[in-house]
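Below: one structure, written as C-alpha cells.
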Number of protein chains: 2
Amino acid sequence: MIVPIELKNTNTINYNVTIDTLPSLSFDTSVVIVTNPTVAKYHLETLRTKINAHKLHVVTVPDGEEYKTLKTVEDILSQCFEHKLDRKSLLIALGGGVIGDMTGFTASLYQRGIDFIQVPTTLLSQVDASVGGKTGVNNAYGKNLIGAFYQPKAVYIDPSFLETLPPREFSAGIAEVVKMAVMFDEDFFSYLQNADFDNVDTIKEIIRKSIELKAWVVNQDEKEAGIRAVLNYGHTFGHVVENETDYKKYLHGEAVAIGIIMANALAVELKLLSQEEANKITKLLTKVSLPTKYIIKDIDQFYEHFFLDKKSSKGNIKFILPHSIGGHKMLNNIDENIVKKILFNFGEK
Amino acid sequence: MIVPIELKNTNTINYNVTIDTLPSLSFDTSVVIVTNPTVAKYHLETLRTKINAHKLHVVTVPDGEEYKTLKTVEDILSQCFEHKLDRKSLLIALGGGVIGDMTGFTASLYQRGIDFIQVPTTLLSQVDASVGGKTGVNNAYGKNLIGAFYQPKAVYIDPSFLETLPPREFSAGIAEVVKMAVMFDEDFFSYLQNADFDNVDTIKEIIRKSIELKAWVVNQDEKEAGIRAVLNYGHTFGHVVENETDYKKYLHGEAVAIGIIMANALAVELKLLSQEEANKITKLLTKVSLPTKYIIKDIDQFYEHFFLDKKSSKGNIKFILPHSIGGHKMLNNIDENIVKKILFNFGEK
C-alpha cells in the first residue's frame, strides 16, 4: 500500500534590508551577538548601545576563513546552550561573510532553527552575503561544502562600518558588484565605470542595486537549480585559485576577480564576449586595484581541481560566462581542450 | 533606504510512503546506504540486491543512541566526500530512528542539501520517524538539540523487516502508535485495544493509520508552531525519564510510555481525562508489555529538567495532555505545585 504525503509549504519569506545608520533595536528575547575580535574592536560597542534585549550575550570566534569550520559552529552552539537560548531567541551576525555564514548556519541548527539578523560589516558581505540564505562552513574537501539554506529575519547595512575596512577588503567587495553588473545589468556596469567609490552616497546606491539584483535572482531560484548558478561567474575559476594558494594569498573577492578574467578569456574564445568588452571589465577591476593576473603552474592539476567544486555534478563542469556585458550563458560541456587552451594562456611562459 | 526582500517559496513537497515488500529501485546517480552493523547483518543484502545505482557505497556507523552525535554525522559527511558525491547523489537510511535522523541530517548538510530516502527497519521509525522531516543529533545538553527540518524523497516500509526486531523494540514502537490514537482518533484507539499485534495485516494497517495521522498533523504545521507539538504527548515527561536514566535503562518508546502515564495522571488531576480512560490507556500499554511505572527520586530535580527541553520557551513548560481519548489540550502555565503533586505520586514511598 502507498500513502501519498503532501506537505504544503506556502510560506513566503519577507524581510527588509535596511541600508542606513544602524537603528535602535528592541527584542523581548535573549540575543546573542556573534562576532570576532577584529570587528568587535571597531563596532561591537556601537551595536551594543543600539540593542535592548531580554538578555544580551556576546560570542567571539577567531578571525579568519581558516576558522570557518564545523568545530567553530559547534563552539558557538555550545555557548548558545550555555546561555540557555530557547526557540524564540535570536542570533545577530556582526562581521563579514565568514561570521554571517557561520552565524546563519548556527541559527539553522540550534533546536532545528531560530531567528538570526545580519549586520554585515564588509562590503562583500553587505552586497553579497546579506541576501540569499546560503550559510555554511568549509572542510578539508573545500569551501562551503557543509551548510544549509537559511534566511535571515532582517539585515541592517550601515555603510559607515566600511570606514574601518582595509582598502583590499573594500576592493574585494567590488569584485562581486562587478560580477552582478556583468551578468545582469549593462547600465549598472556603465554606472560603475564612472563611479566615485569614495562617495558614501555612491556606495549606498551600489549596495542597493547589488542587493536588488541578487534578490531578483534568488527569488527565481532559491535552491540554485537554475539562474542562481549565474552568481558563480568568476567563482568556478576563483575557487581553484583560492584552493591552489591555500586560501592565504588572495581574499575571496580577489580570487573572484582573477576568476572573472579567466572566465572572460574563455567567453572571448567562444565568441560570447568581444575582446573590447573583456578589456572594459579588466579596466573596471583594475580601477579598484583588484588582481587580474595569475600564473598557473600545473594546467592539468588546475583543471582537475574544477571537479572538487560542488557545482560540478557527475564530472561535468558548469561554466558561467558573460554573453556580452549584461548577459550570461551557462555551459556544461565545454571541450576539455578548449578550457585547457585558455588555462595555458595563464601558464608560466 | 530599505530594500524589501520577498522570497517566494511555494514548493509543495510530495513523496510516497510505500508499505509493502521492498521494491527494486534504480538510480542513475551515486547512492550511499547509511546503516549500522546490527541492521546490516539482517537487511543490508536484501537492500543491496534491490538497488541499481551508478555507484553504490555503504557507510556503517556504530549502533546506538549514544552515537547520535555531530561527530558521527561528520564521519558520514567525510565518507560522502571521499566517495565524491555530488548534488544529485542520494543517501539511503537503512535502520531505525537514529540512523534515519542522522542520515536525513547529513543529507541536509551535504553541499547544503541532497536527496535522501528512508528505509526504516524498526516499528518506531516506520510509524513515527518516516514522516515529518525532523532530523538531527543529540549533544551534551540534550536530545535532538542540533538539527534541521528536512524531508525525504521517498519512504519504503517493509513490514517483514520487523521479524528480526527484538520484542522490546516492537513494543516501543507501539507506544508512539498509542500516542497518536489517544491524541487524535478514538476509533483507532478502540481498534488497537482489540488488535492482534502478531498479524502482519494488522501491523500494516497500524502503520498506515499512524502515518496518515502524522502527515495530517505535519501538514498543518511543518515547523511545530502549533498542533505538531501535540505529537510530544508523553515526551515532556519521557525525555526527563530518559535523561535521568542516562538513555540506558529505557528505549525511547518505553520512556514515552512512562511519560504518557505521567501526562495522564496530570490530565486526570485537571479533569481533562477520567480515571477510567487513563486506566484504558494503561491497559493498552501493558498489553504490549510497555513499562508504566517509574520511581522519581528527586522531585525538584525532575521538575528542573523540564526546562532543558527545547519546547520549553522562556521558562514555560508546554504540557500536552489528552482531553478524553481522541482529543488533546496544550497547556503552558500549569501551576508548579500541581505538577509537583503529580510527580510526588511517582515518588519513593
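Each chain in the C-alpha cells gets a letter, A, B and so on, in the order shown; residues start at 1 in every chain, and ligands are counted from 1 in the order they appear.
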- [ ] Please identify all polymer residues within 12 Å of Glu244 (chain A), counting only C-alpha atoms, omitting same-chain residues fewer than 3 positions from it, and present them as a list in words.
- [x] Gly142, Phe237, Gly238, His239, Val240, Val241, Tyr247, Lys248, Lys249, Tyr250, Ala255, Tyr294, Ile295, Ile296, Lys297, Asp298, Ile299, Gln301, Phe302, Tyr303, Glu304, His305 and Phe306 of chain A
Please superimpose chain A upon chain B, fitting all C-alpha atoms matched one to one in order, and report the result as a CSV table (one decimal) with C-alpha atoms, in the first residue's frame.
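Wrote superposed08.csv, looks like this:
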```csv
chain,number,residue,atom,x,y,z
A,1,MET,CA,16.8,53.3,2.6
A,2,ILE,CA,15.0,50.0,2.9
A,3,VAL,CA,15.1,47.2,0.4
A,4,PRO,CA,12.2,44.8,1.0
A,5,ILE,CA,13.0,41.2,0.2
A,6,GLU,CA,10.3,38.8,-0.7
A,7,LEU,CA,11.3,35.2,-1.4
A,8,LYS,CA,8.5,33.1,-2.7
A,9,ASN,CA,8.8,29.5,-1.6
A,10,THR,CA,5.7,27.8,-3.0
A,11,ASN,CA,7.2,24.4,-3.3
A,12,THR,CA,4.8,21.7,-2.3
A,13,ILE,CA,6.7,18.7,-1.1
A,14,ASN,CA,5.3,15.4,-2.4
A,15,TYR,CA,6.6,11.9,-1.7
A,16,ASN,CA,5.2,8.5,-1.2
A,17,VAL,CA,5.4,6.2,1.7
A,18,THR,CA,5.2,2.6,0.4
A,19,ILE,CA,4.2,0.0,2.9
A,20,ASP,CA,5.0,-3.3,1.2
A,21,THR,CA,7.8,-5.7,0.3
A,22,LEU,CA,10.8,-3.6,-0.7
A,23,PRO,CA,10.6,-3.0,-4.5
A,24,SER,CA,13.5,-2.8,-6.9
A,25,LEU,CA,15.0,0.7,-7.1
A,26,SER,CA,17.0,2.3,-9.9
A,27,PHE,CA,19.1,5.4,-9.7
A,28,ASP,CA,21.4,7.0,-12.4
A,29,THR,CA,23.4,8.7,-9.6
A,30,SER,CA,25.8,7.6,-6.8
A,31,VAL,CA,24.0,6.2,-3.8
A,32,VAL,CA,25.3,5.8,-0.3
A,33,ILE,CA,23.5,3.5,2.1
A,34,VAL,CA,23.9,4.6,5.7
A,35,THR,CA,23.4,1.8,8.3
A,36,ASN,CA,24.8,0.2,11.4
A,37,PRO,CA,26.3,-3.3,11.9
A,38,THR,CA,23.2,-4.7,13.7
A,39,VAL,CA,20.8,-3.7,10.9
A,40,ALA,CA,23.4,-4.5,8.2
A,41,LYS,CA,23.6,-8.1,9.4
A,42,TYR,CA,19.9,-8.7,8.8
A,43,HIS,CA,18.9,-6.4,6.0
A,44,LEU,CA,21.8,-4.9,4.0
A,45,GLU,CA,22.0,-7.7,1.5
A,46,THR,CA,18.2,-7.5,0.9
A,47,LEU,CA,18.5,-3.8,0.2
A,48,ARG,CA,21.7,-4.2,-1.9
A,49,THR,CA,20.0,-6.7,-4.3
A,50,LYS,CA,17.1,-4.3,-4.8
A,51,ILE,CA,19.3,-1.3,-5.8
A,52,ASN,CA,20.7,-0.5,-9.2
A,53,ALA,CA,22.8,2.7,-9.0
A,54,HIS,CA,25.5,4.5,-10.9
A,55,LYS,CA,27.8,3.7,-7.9
A,56,LEU,CA,26.7,2.1,-4.6
A,57,HIS,CA,28.6,2.7,-1.4
A,58,VAL,CA,27.8,1.6,2.2
A,59,VAL,CA,28.7,3.8,5.2
A,60,THR,CA,28.4,2.0,8.6
A,61,VAL,CA,28.1,3.8,11.8
A,62,PRO,CA,28.2,2.3,15.3
A,63,ASP,CA,24.8,1.1,16.7
A,64,GLY,CA,23.2,3.1,19.5
A,65,GLU,CA,21.7,6.3,20.6
A,66,GLU,CA,25.0,7.3,22.2
A,67,TYR,CA,26.5,7.6,18.7
A,68,LYS,CA,23.8,10.0,17.5
A,69,THR,CA,26.2,12.9,17.6
A,70,LEU,CA,27.6,15.6,15.4
A,71,LYS,CA,30.8,13.6,15.4
A,72,THR,CA,29.1,10.7,13.7
A,73,VAL,CA,27.4,13.0,11.2
A,74,GLU,CA,30.9,14.5,10.4
A,75,ASP,CA,32.2,11.0,9.8
A,76,ILE,CA,29.3,10.2,7.4
A,77,LEU,CA,29.9,13.5,5.6
A,78,SER,CA,33.6,12.8,5.2
A,79,GLN,CA,32.9,9.4,3.7
A,80,CYS,CA,30.4,11.1,1.3
A,81,PHE,CA,33.1,13.5,0.3
A,82,GLU,CA,35.6,10.6,-0.1
A,83,HIS,CA,33.0,9.0,-2.4
A,84,LYS,CA,32.8,12.3,-4.3
A,85,LEU,CA,29.1,12.6,-4.1
A,86,ASP,CA,27.7,15.5,-6.0
A,87,ARG,CA,24.5,17.5,-5.6
A,88,LYS,CA,22.5,14.8,-7.5
A,89,SER,CA,23.6,11.9,-5.3
A,90,LEU,CA,21.4,10.2,-2.9
A,91,LEU,CA,21.6,8.8,0.7
A,92,ILE,CA,19.5,5.9,1.9
A,93,ALA,CA,18.9,5.5,5.6
A,94,LEU,CA,18.6,1.8,6.4
A,95,GLY,CA,17.8,1.4,10.1
A,96,GLY,CA,15.8,2.8,13.0
A,97,GLY,CA,15.2,6.4,14.1
A,98,VAL,CA,18.9,7.1,15.0
A,99,ILE,CA,20.0,6.1,11.5
A,100,GLY,CA,17.1,8.0,9.9
A,101,ASP,CA,17.7,11.1,11.9
A,102,MET,CA,21.4,11.2,11.2
A,103,THR,CA,21.1,10.3,7.5
A,104,GLY,CA,18.5,12.9,6.9
A,105,PHE,CA,20.6,15.5,8.8
A,106,THR,CA,23.7,14.5,6.8
A,107,ALA,CA,21.7,14.8,3.5
A,108,SER,CA,20.5,18.3,4.6
A,109,LEU,CA,24.1,19.4,5.2
A,110,TYR,CA,25.9,17.9,2.3
A,111,GLN,CA,26.5,20.7,-0.1
A,112,ARG,CA,23.5,22.4,1.6
A,113,GLY,CA,21.2,19.5,0.7
A,114,ILE,CA,21.0,16.4,-1.3
A,115,ASP,CA,18.2,13.8,-1.6
A,116,PHE,CA,17.6,11.0,0.8
A,117,ILE,CA,15.3,8.0,1.1
A,118,GLN,CA,14.2,6.3,4.3
A,119,VAL,CA,14.1,2.5,4.7
A,120,PRO,CA,13.0,2.3,8.3
A,121,THR,CA,13.6,-1.1,9.9
A,122,THR,CA,12.0,-0.6,13.4
A,123,LEU,CA,8.3,-0.1,14.1
A,124,LEU,CA,9.1,3.2,15.8
A,125,SER,CA,10.8,4.6,12.8
A,126,GLN,CA,8.2,3.1,10.5
A,127,VAL,CA,5.3,4.8,12.2
A,128,ASP,CA,7.0,7.9,13.5
A,129,ALA,CA,10.3,9.0,12.0
A,130,SER,CA,9.4,8.4,8.3
A,131,VAL,CA,7.1,11.4,8.2
A,132,GLY,CA,7.8,14.9,9.5
A,133,GLY,CA,11.2,15.8,8.4
A,134,LYS,CA,12.8,16.1,11.8
A,135,THR,CA,16.4,15.3,11.6
A,136,GLY,CA,19.3,15.8,13.9
A,137,VAL,CA,21.6,14.7,16.7
A,138,ASN,CA,21.9,14.8,20.5
A,139,ASN,CA,24.6,16.7,22.4
A,140,ALA,CA,25.7,17.1,26.0
A,141,TYR,CA,22.7,19.4,26.6
A,142,GLY,CA,20.0,17.0,25.5
A,143,LYS,CA,18.3,15.1,22.7
A,144,ASN,CA,17.8,16.3,19.2
A,145,LEU,CA,19.0,19.7,20.1
A,146,ILE,CA,21.0,20.2,16.9
A,147,GLY,CA,19.3,19.5,13.6
A,148,ALA,CA,17.3,20.5,10.6
A,149,PHE,CA,13.8,20.2,9.1
A,150,TYR,CA,14.4,18.2,6.0
A,151,GLN,CA,12.0,15.9,4.1
A,152,PRO,CA,12.9,12.6,2.4
A,153,LYS,CA,12.3,11.9,-1.3
A,154,ALA,CA,10.6,8.7,-0.5
A,155,VAL,CA,10.0,6.2,2.3
A,156,TYR,CA,9.9,2.4,1.8
A,157,ILE,CA,8.4,0.5,4.8
A,158,ASP,CA,8.8,-3.3,4.5
A,159,PRO,CA,6.9,-4.8,7.5
A,160,SER,CA,8.9,-8.1,7.0
A,161,PHE,CA,11.9,-6.2,8.4
A,162,LEU,CA,10.1,-6.2,11.8
A,163,GLU,CA,10.5,-10.0,12.0
A,164,THR,CA,14.1,-9.6,13.2
A,165,LEU,CA,13.2,-6.8,15.6
A,166,PRO,CA,13.5,-7.6,19.4
A,167,PRO,CA,10.1,-7.7,21.1
A,168,ARG,CA,11.1,-4.7,23.4
A,169,GLU,CA,11.7,-2.6,20.3
A,170,PHE,CA,8.5,-3.6,18.7
A,171,SER,CA,6.6,-2.5,21.9
A,172,ALA,CA,8.5,0.8,22.0
A,173,GLY,CA,7.1,1.5,18.5
A,174,ILE,CA,3.6,0.7,19.7
A,175,ALA,CA,4.0,3.5,22.4
A,176,GLU,CA,4.1,6.1,19.6
A,177,VAL,CA,1.1,4.5,17.9
A,178,VAL,CA,-0.9,4.7,21.2
A,179,LYS,CA,0.2,8.3,21.4
A,180,MET,CA,-1.3,9.1,18.0
A,181,ALA,CA,-4.5,7.3,18.8
A,182,VAL,CA,-5.0,9.0,22.2
A,183,MET,CA,-4.4,12.4,20.8
A,184,PHE,CA,-6.3,12.3,17.6
A,185,ASP,CA,-8.5,9.2,17.0
A,186,GLU,CA,-10.8,7.4,19.4
A,187,ASP,CA,-11.8,4.8,16.7
A,188,PHE,CA,-8.1,4.0,16.1
A,189,PHE,CA,-7.7,3.6,19.9
A,190,SER,CA,-10.5,1.1,20.0
A,191,TYR,CA,-9.0,-0.7,17.1
A,192,LEU,CA,-5.7,-1.0,19.0
A,193,GLN,CA,-7.5,-2.3,22.1
A,194,ASN,CA,-8.7,-5.3,20.1
A,195,ALA,CA,-5.8,-5.6,17.7
A,196,ASP,CA,-3.7,-8.8,17.3
A,197,PHE,CA,-0.2,-7.4,17.1
A,198,ASP,CA,1.1,-10.7,15.7
A,199,ASN,CA,-0.9,-10.3,12.5
A,200,VAL,CA,1.1,-8.8,9.6
A,201,ASP,CA,-2.0,-7.2,8.0
A,202,THR,CA,-2.9,-5.6,11.3
A,203,ILE,CA,0.6,-4.2,11.6
A,204,LYS,CA,0.4,-2.8,8.0
A,205,GLU,CA,-2.9,-1.2,8.9
A,206,ILE,CA,-1.4,0.3,12.1
A,207,ILE,CA,1.5,1.7,10.2
A,208,ARG,CA,-0.7,3.2,7.5
A,209,LYS,CA,-3.1,4.8,10.0
A,210,SER,CA,-0.2,6.2,12.1
A,211,ILE,CA,1.5,7.7,9.1
A,212,GLU,CA,-1.8,9.2,7.8
A,213,LEU,CA,-2.4,10.8,11.2
A,214,LYS,CA,1.1,12.1,11.4
A,215,ALA,CA,1.1,13.5,7.8
A,216,TRP,CA,-2.2,15.2,8.6
A,217,VAL,CA,-0.6,16.9,11.6
A,218,VAL,CA,2.7,17.8,10.0
A,219,ASN,CA,0.8,19.2,7.0
A,220,GLN,CA,-0.9,21.7,9.2
A,221,ASP,CA,2.3,22.7,11.0
A,222,GLU,CA,5.6,21.7,9.4
A,223,LYS,CA,7.8,23.8,11.8
A,224,GLU,CA,6.0,22.9,15.0
A,225,ALA,CA,4.5,26.3,15.7
A,226,GLY,CA,1.2,24.8,16.8
A,227,ILE,CA,-0.6,21.4,16.5
A,228,ARG,CA,2.5,19.5,15.7
A,229,ALA,CA,3.6,20.0,19.3
A,230,VAL,CA,0.8,17.6,20.2
A,231,LEU,CA,3.0,14.8,19.0
A,232,ASN,CA,5.1,15.4,22.0
A,233,TYR,CA,2.4,13.9,24.3
A,234,GLY,CA,4.3,11.7,26.7
A,235,HIS,CA,7.6,13.2,25.6
A,236,THR,CA,7.9,16.1,28.0
A,237,PHE,CA,7.9,13.6,30.9
A,238,GLY,CA,9.5,10.9,28.9
A,239,HIS,CA,12.6,13.0,28.0
A,240,VAL,CA,13.3,13.7,31.7
A,241,VAL,CA,12.9,9.9,32.4
A,242,GLU,CA,15.4,9.1,29.6
A,243,ASN,CA,17.8,11.8,30.8
A,244,GLU,CA,17.6,10.7,34.5
A,245,THR,CA,18.4,7.1,33.4
A,246,ASP,CA,21.2,8.2,31.1
A,247,TYR,CA,19.4,7.0,28.0
A,248,LYS,CA,20.4,3.5,29.1
A,249,LYS,CA,17.6,1.8,31.1
A,250,TYR,CA,14.7,2.6,28.7
A,251,LEU,CA,14.2,2.6,25.0
A,252,HIS,CA,12.7,5.9,23.8
A,253,GLY,CA,9.3,4.4,23.3
A,254,GLU,CA,9.4,2.9,26.8
A,255,ALA,CA,10.2,6.3,28.3
A,256,VAL,CA,7.3,7.7,26.2
A,257,ALA,CA,5.0,5.1,27.7
A,258,ILE,CA,6.0,6.2,31.2
A,259,GLY,CA,5.6,9.8,30.1
A,260,ILE,CA,2.1,9.0,28.8
A,261,ILE,CA,1.2,7.6,32.2
A,262,MET,CA,2.5,10.7,33.9
A,263,ALA,CA,0.8,13.1,31.5
A,264,ASN,CA,-2.4,11.1,32.0
A,265,ALA,CA,-2.2,11.5,35.8
A,266,LEU,CA,-1.8,15.3,35.3
A,267,ALA,CA,-4.8,15.3,32.9
A,268,VAL,CA,-6.9,13.4,35.4
A,269,GLU,CA,-6.0,15.9,38.1
A,270,LEU,CA,-7.0,18.7,35.8
A,271,LYS,CA,-10.3,16.8,34.9
A,272,LEU,CA,-9.4,16.6,31.2
A,273,LEU,CA,-9.4,12.8,31.4
A,274,SER,CA,-11.4,10.4,33.5
A,275,GLN,CA,-9.7,7.8,35.7
A,276,GLU,CA,-11.4,5.1,33.6
A,277,GLU,CA,-9.9,6.5,30.4
A,278,ALA,CA,-6.5,6.7,32.0
A,279,ASN,CA,-6.9,3.1,33.0
A,280,LYS,CA,-7.8,2.1,29.5
A,281,ILE,CA,-4.6,3.7,28.1
A,282,THR,CA,-2.5,2.0,30.8
A,283,LYS,CA,-4.1,-1.3,29.9
A,284,LEU,CA,-3.3,-0.9,26.2
A,285,LEU,CA,0.3,0.0,27.1
A,286,THR,CA,0.5,-3.1,29.4
A,287,LYS,CA,-0.9,-5.3,26.6
A,288,VAL,CA,2.4,-4.9,24.8
A,289,SER,CA,4.5,-5.1,28.0
A,290,LEU,CA,5.4,-1.4,28.0
A,291,PRO,CA,6.6,0.0,31.4
A,292,THR,CA,4.0,2.1,33.2
A,293,LYS,CA,5.8,2.6,36.5
A,294,TYR,CA,8.7,4.8,37.4
A,295,ILE,CA,10.0,6.0,40.7
A,296,ILE,CA,11.1,9.6,40.9
A,297,LYS,CA,14.0,10.0,43.4
A,298,ASP,CA,14.2,13.8,43.5
A,299,ILE,CA,11.0,15.7,42.6
A,300,ASP,CA,12.5,19.1,42.4
A,301,GLN,CA,15.3,17.9,40.2
A,302,PHE,CA,12.8,16.1,37.9
A,303,TYR,CA,10.9,19.4,37.6
A,304,GLU,CA,14.0,21.4,36.9
A,305,HIS,CA,14.8,19.0,34.0
A,306,PHE,CA,11.7,20.1,32.2
A,307,PHE,CA,13.4,23.4,31.4
A,308,LEU,CA,16.2,21.7,29.5
A,309,ASP,CA,13.5,20.6,26.9
A,310,LYS,CA,13.7,22.6,23.8
A,311,LYS,CA,9.9,23.0,23.8
A,312,SER,CA,10.1,24.9,27.1
A,313,SER,CA,10.4,28.5,25.8
A,314,LYS,CA,11.3,31.3,28.1
A,315,GLY,CA,11.0,29.1,31.2
A,316,ASN,CA,7.5,27.9,30.4
A,317,ILE,CA,6.8,24.2,30.2
A,318,LYS,CA,4.3,23.2,27.5
A,319,PHE,CA,2.3,20.2,28.6
A,320,ILE,CA,0.4,18.2,26.0
A,321,LEU,CA,-2.4,16.4,27.7
A,322,PRO,CA,-5.2,14.1,26.5
A,323,HIS,CA,-8.7,15.7,26.5
A,324,SER,CA,-10.7,12.5,26.7
A,325,ILE,CA,-9.4,9.7,24.4
A,326,GLY,CA,-9.1,11.1,20.8
A,327,GLY,CA,-8.6,14.7,21.9
A,328,HIS,CA,-5.8,16.9,23.2
A,329,LYS,CA,-5.1,20.1,25.0
A,330,MET,CA,-1.9,22.2,25.2
A,331,LEU,CA,-1.3,24.0,28.5
A,332,ASN,CA,1.6,26.4,29.0
A,333,ASN,CA,1.1,27.6,32.5
A,334,ILE,CA,0.2,24.7,34.8
A,335,ASP,CA,0.9,25.7,38.4
A,336,GLU,CA,4.2,24.3,39.6
A,337,ASN,CA,2.5,22.9,42.8
A,338,ILE,CA,0.0,20.9,40.7
A,339,VAL,CA,2.7,19.4,38.6
A,340,LYS,CA,4.8,18.6,41.6
A,341,LYS,CA,1.8,17.0,43.3
A,342,ILE,CA,1.6,14.6,40.4
A,343,LEU,CA,5.3,14.0,40.4
A,344,PHE,CA,5.0,13.3,44.2
A,345,ASN,CA,2.7,10.4,43.4
A,346,PHE,CA,5.5,8.8,41.4
A,347,GLY,CA,8.0,9.5,44.2
A,348,GLU,CA,9.5,7.0,46.6
A,349,LYS,CA,7.0,5.8,49.2
```
Task: Those of region 230-326 of chain B in DSSP strand (DSSP E), formatted as a PyMOL selection string - done: chain B and resi 319-322
TODO: From region 69-291 of chain B, collect each residue whose DSSP state is helix (DSSP H, G or I) and return the set as a PyMOL selection string.
DONE: chain B and resi 70-82+97-109+123-129+159-164+167-184+186-194+200-220+227-232+235-244+252-269+275-287
Just-selected residues, C-alpha atoms written as a short mmCIF file (atom, residue, chain, number, x, y, z; two decimals), in the first residue's frame:
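Below is the file part.cif, written as the result:
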```
data_model
loop_
_atom_site.label_atom_id
_atom_site.label_comp_id
_atom_site.auth_asym_id
_atom_site.auth_seq_id
_atom_site.Cartn_x
_atom_site.Cartn_y
_atom_site.Cartn_z
CA LEU B 70 27.61 15.65 15.39
CA LYS B 71 30.85 13.65 15.41
CA THR B 72 29.15 10.69 13.70
CA VAL B 73 27.44 12.99 11.20
CA GLU B 74 30.86 14.49 10.40
CA ASP B 75 32.18 10.98 9.80
CA ILE B 76 29.32 10.21 7.42
CA LEU B 77 29.89 13.54 5.64
CA SER B 78 33.61 12.80 5.25
CA GLN B 79 32.88 9.43 3.71
CA CYS B 80 30.39 11.08 1.33
CA PHE B 81 33.15 13.49 0.28
CA GLU B 82 35.59 10.60 -0.11
CA GLY B 97 15.23 6.38 14.13
CA VAL B 98 18.85 7.09 14.99
CA ILE B 99 20.04 6.12 11.50
CA GLY B 100 17.12 7.98 9.91
CA ASP B 101 17.70 11.18 11.90
CA MET B 102 21.43 11.22 11.22
CA THR B 103 21.14 10.29 7.55
CA GLY B 104 18.50 12.94 6.94
CA PHE B 105 20.60 15.49 8.80
CA THR B 106 23.69 14.54 6.79
CA ALA B 107 21.70 14.84 3.56
CA SER B 108 20.51 18.31 4.61
CA LEU B 109 24.09 19.43 5.25
CA LEU B 123 8.34 -0.13 14.13
CA LEU B 124 9.10 3.18 15.86
CA SER B 125 10.82 4.65 12.82
CA GLN B 126 8.22 3.16 10.49
CA VAL B 127 5.29 4.79 12.24
CA ASP B 128 6.97 7.92 13.50
CA ALA B 129 10.26 8.99 12.01
CA PRO B 159 6.93 -4.80 7.47
CA SER B 160 8.89 -8.05 7.02
CA PHE B 161 11.91 -6.18 8.41
CA LEU B 162 10.12 -6.24 11.77
CA GLU B 163 10.53 -10.02 12.01
CA THR B 164 14.11 -9.58 13.21
CA PRO B 167 10.11 -7.66 21.10
CA ARG B 168 11.08 -4.73 23.36
CA GLU B 169 11.74 -2.54 20.33
CA PHE B 170 8.46 -3.60 18.74
CA SER B 171 6.59 -2.55 21.90
CA ALA B 172 8.48 0.75 21.99
CA GLY B 173 7.06 1.47 18.54
CA ILE B 174 3.55 0.72 19.73
CA ALA B 175 3.96 3.46 22.37
CA GLU B 176 4.07 6.08 19.59
CA VAL B 177 1.06 4.47 17.93
CA VAL B 178 -0.91 4.68 21.18
CA LYS B 179 0.17 8.33 21.44
CA MET B 180 -1.34 9.12 18.01
CA ALA B 181 -4.57 7.30 18.83
CA VAL B 182 -5.05 8.97 22.22
CA MET B 183 -4.37 12.43 20.83
CA PHE B 184 -6.35 12.27 17.60
CA GLU B 186 -10.80 7.39 19.39
CA ASP B 187 -11.78 4.79 16.75
CA PHE B 188 -8.13 3.97 16.16
CA PHE B 189 -7.70 3.60 19.92
CA SER B 190 -10.56 1.06 20.00
CA TYR B 191 -9.01 -0.76 17.05
CA LEU B 192 -5.73 -1.02 18.97
CA GLN B 193 -7.48 -2.33 22.09
CA ASN B 194 -8.72 -5.29 20.07
CA VAL B 200 1.07 -8.76 9.63
CA ASP B 201 -2.01 -7.20 8.01
CA THR B 202 -2.93 -5.59 11.32
CA ILE B 203 0.59 -4.20 11.56
CA LYS B 204 0.37 -2.81 8.03
CA GLU B 205 -2.94 -1.16 8.92
CA ILE B 206 -1.47 0.29 12.13
CA ILE B 207 1.49 1.69 10.22
CA ARG B 208 -0.76 3.17 7.53
CA LYS B 209 -3.11 4.79 10.04
CA SER B 210 -0.27 6.22 12.14
CA ILE B 211 1.44 7.71 9.11
CA GLU B 212 -1.78 9.23 7.80
CA LEU B 213 -2.44 10.84 11.17
CA LYS B 214 1.09 12.14 11.41
CA ALA B 215 1.05 13.52 7.84
CA TRP B 216 -2.22 15.26 8.62
CA VAL B 217 -0.64 16.91 11.65
CA VAL B 218 2.65 17.83 9.99
CA ASN B 219 0.79 19.25 7.01
CA GLN B 220 -0.91 21.75 9.25
CA ILE B 227 -0.60 21.46 16.54
CA ARG B 228 2.55 19.48 15.76
CA ALA B 229 3.60 19.99 19.36
CA VAL B 230 0.75 17.61 20.24
CA LEU B 231 2.98 14.80 18.97
CA ASN B 232 5.08 15.44 22.05
CA HIS B 235 7.60 13.17 25.57
CA THR B 236 7.89 16.09 28.01
CA PHE B 237 7.93 13.64 30.91
CA GLY B 238 9.54 10.87 28.85
CA HIS B 239 12.58 12.98 27.97
CA VAL B 240 13.28 13.64 31.63
CA VAL B 241 12.96 9.92 32.38
CA GLU B 242 15.42 9.13 29.58
CA ASN B 243 17.77 11.85 30.79
CA GLU B 244 17.66 10.69 34.43
CA HIS B 252 12.75 5.90 23.74
CA GLY B 253 9.28 4.39 23.26
CA GLU B 254 9.42 2.87 26.75
CA ALA B 255 10.20 6.26 28.25
CA VAL B 256 7.34 7.72 26.21
CA ALA B 257 5.00 5.06 27.68
CA ILE B 258 6.01 6.16 31.18
CA GLY B 259 5.62 9.78 30.06
CA ILE B 260 2.11 9.03 28.80
CA ILE B 261 1.19 7.58 32.20
CA MET B 262 2.51 10.71 33.93
CA ALA B 263 0.78 13.09 31.49
CA ASN B 264 -2.44 11.13 32.01
CA ALA B 265 -2.16 11.49 35.80
CA LEU B 266 -1.84 15.25 35.31
CA ALA B 267 -4.78 15.22 32.88
CA VAL B 268 -6.92 13.31 35.42
CA GLU B 269 -5.95 15.85 38.12
CA GLN B 275 -9.67 7.79 35.65
CA GLU B 276 -11.41 5.09 33.59
CA GLU B 277 -9.94 6.48 30.37
CA ALA B 278 -6.50 6.68 31.96
CA ASN B 279 -6.85 3.05 33.01
CA LYS B 280 -7.78 2.02 29.46
CA ILE B 281 -4.62 3.66 28.14
CA THR B 282 -2.52 1.99 30.84
CA LYS B 283 -4.09 -1.35 29.93
CA LEU B 284 -3.28 -0.93 26.24
CA LEU B 285 0.35 -0.06 27.07
CA THR B 286 0.54 -3.08 29.39
CA LYS B 287 -0.88 -5.31 26.64
#
```
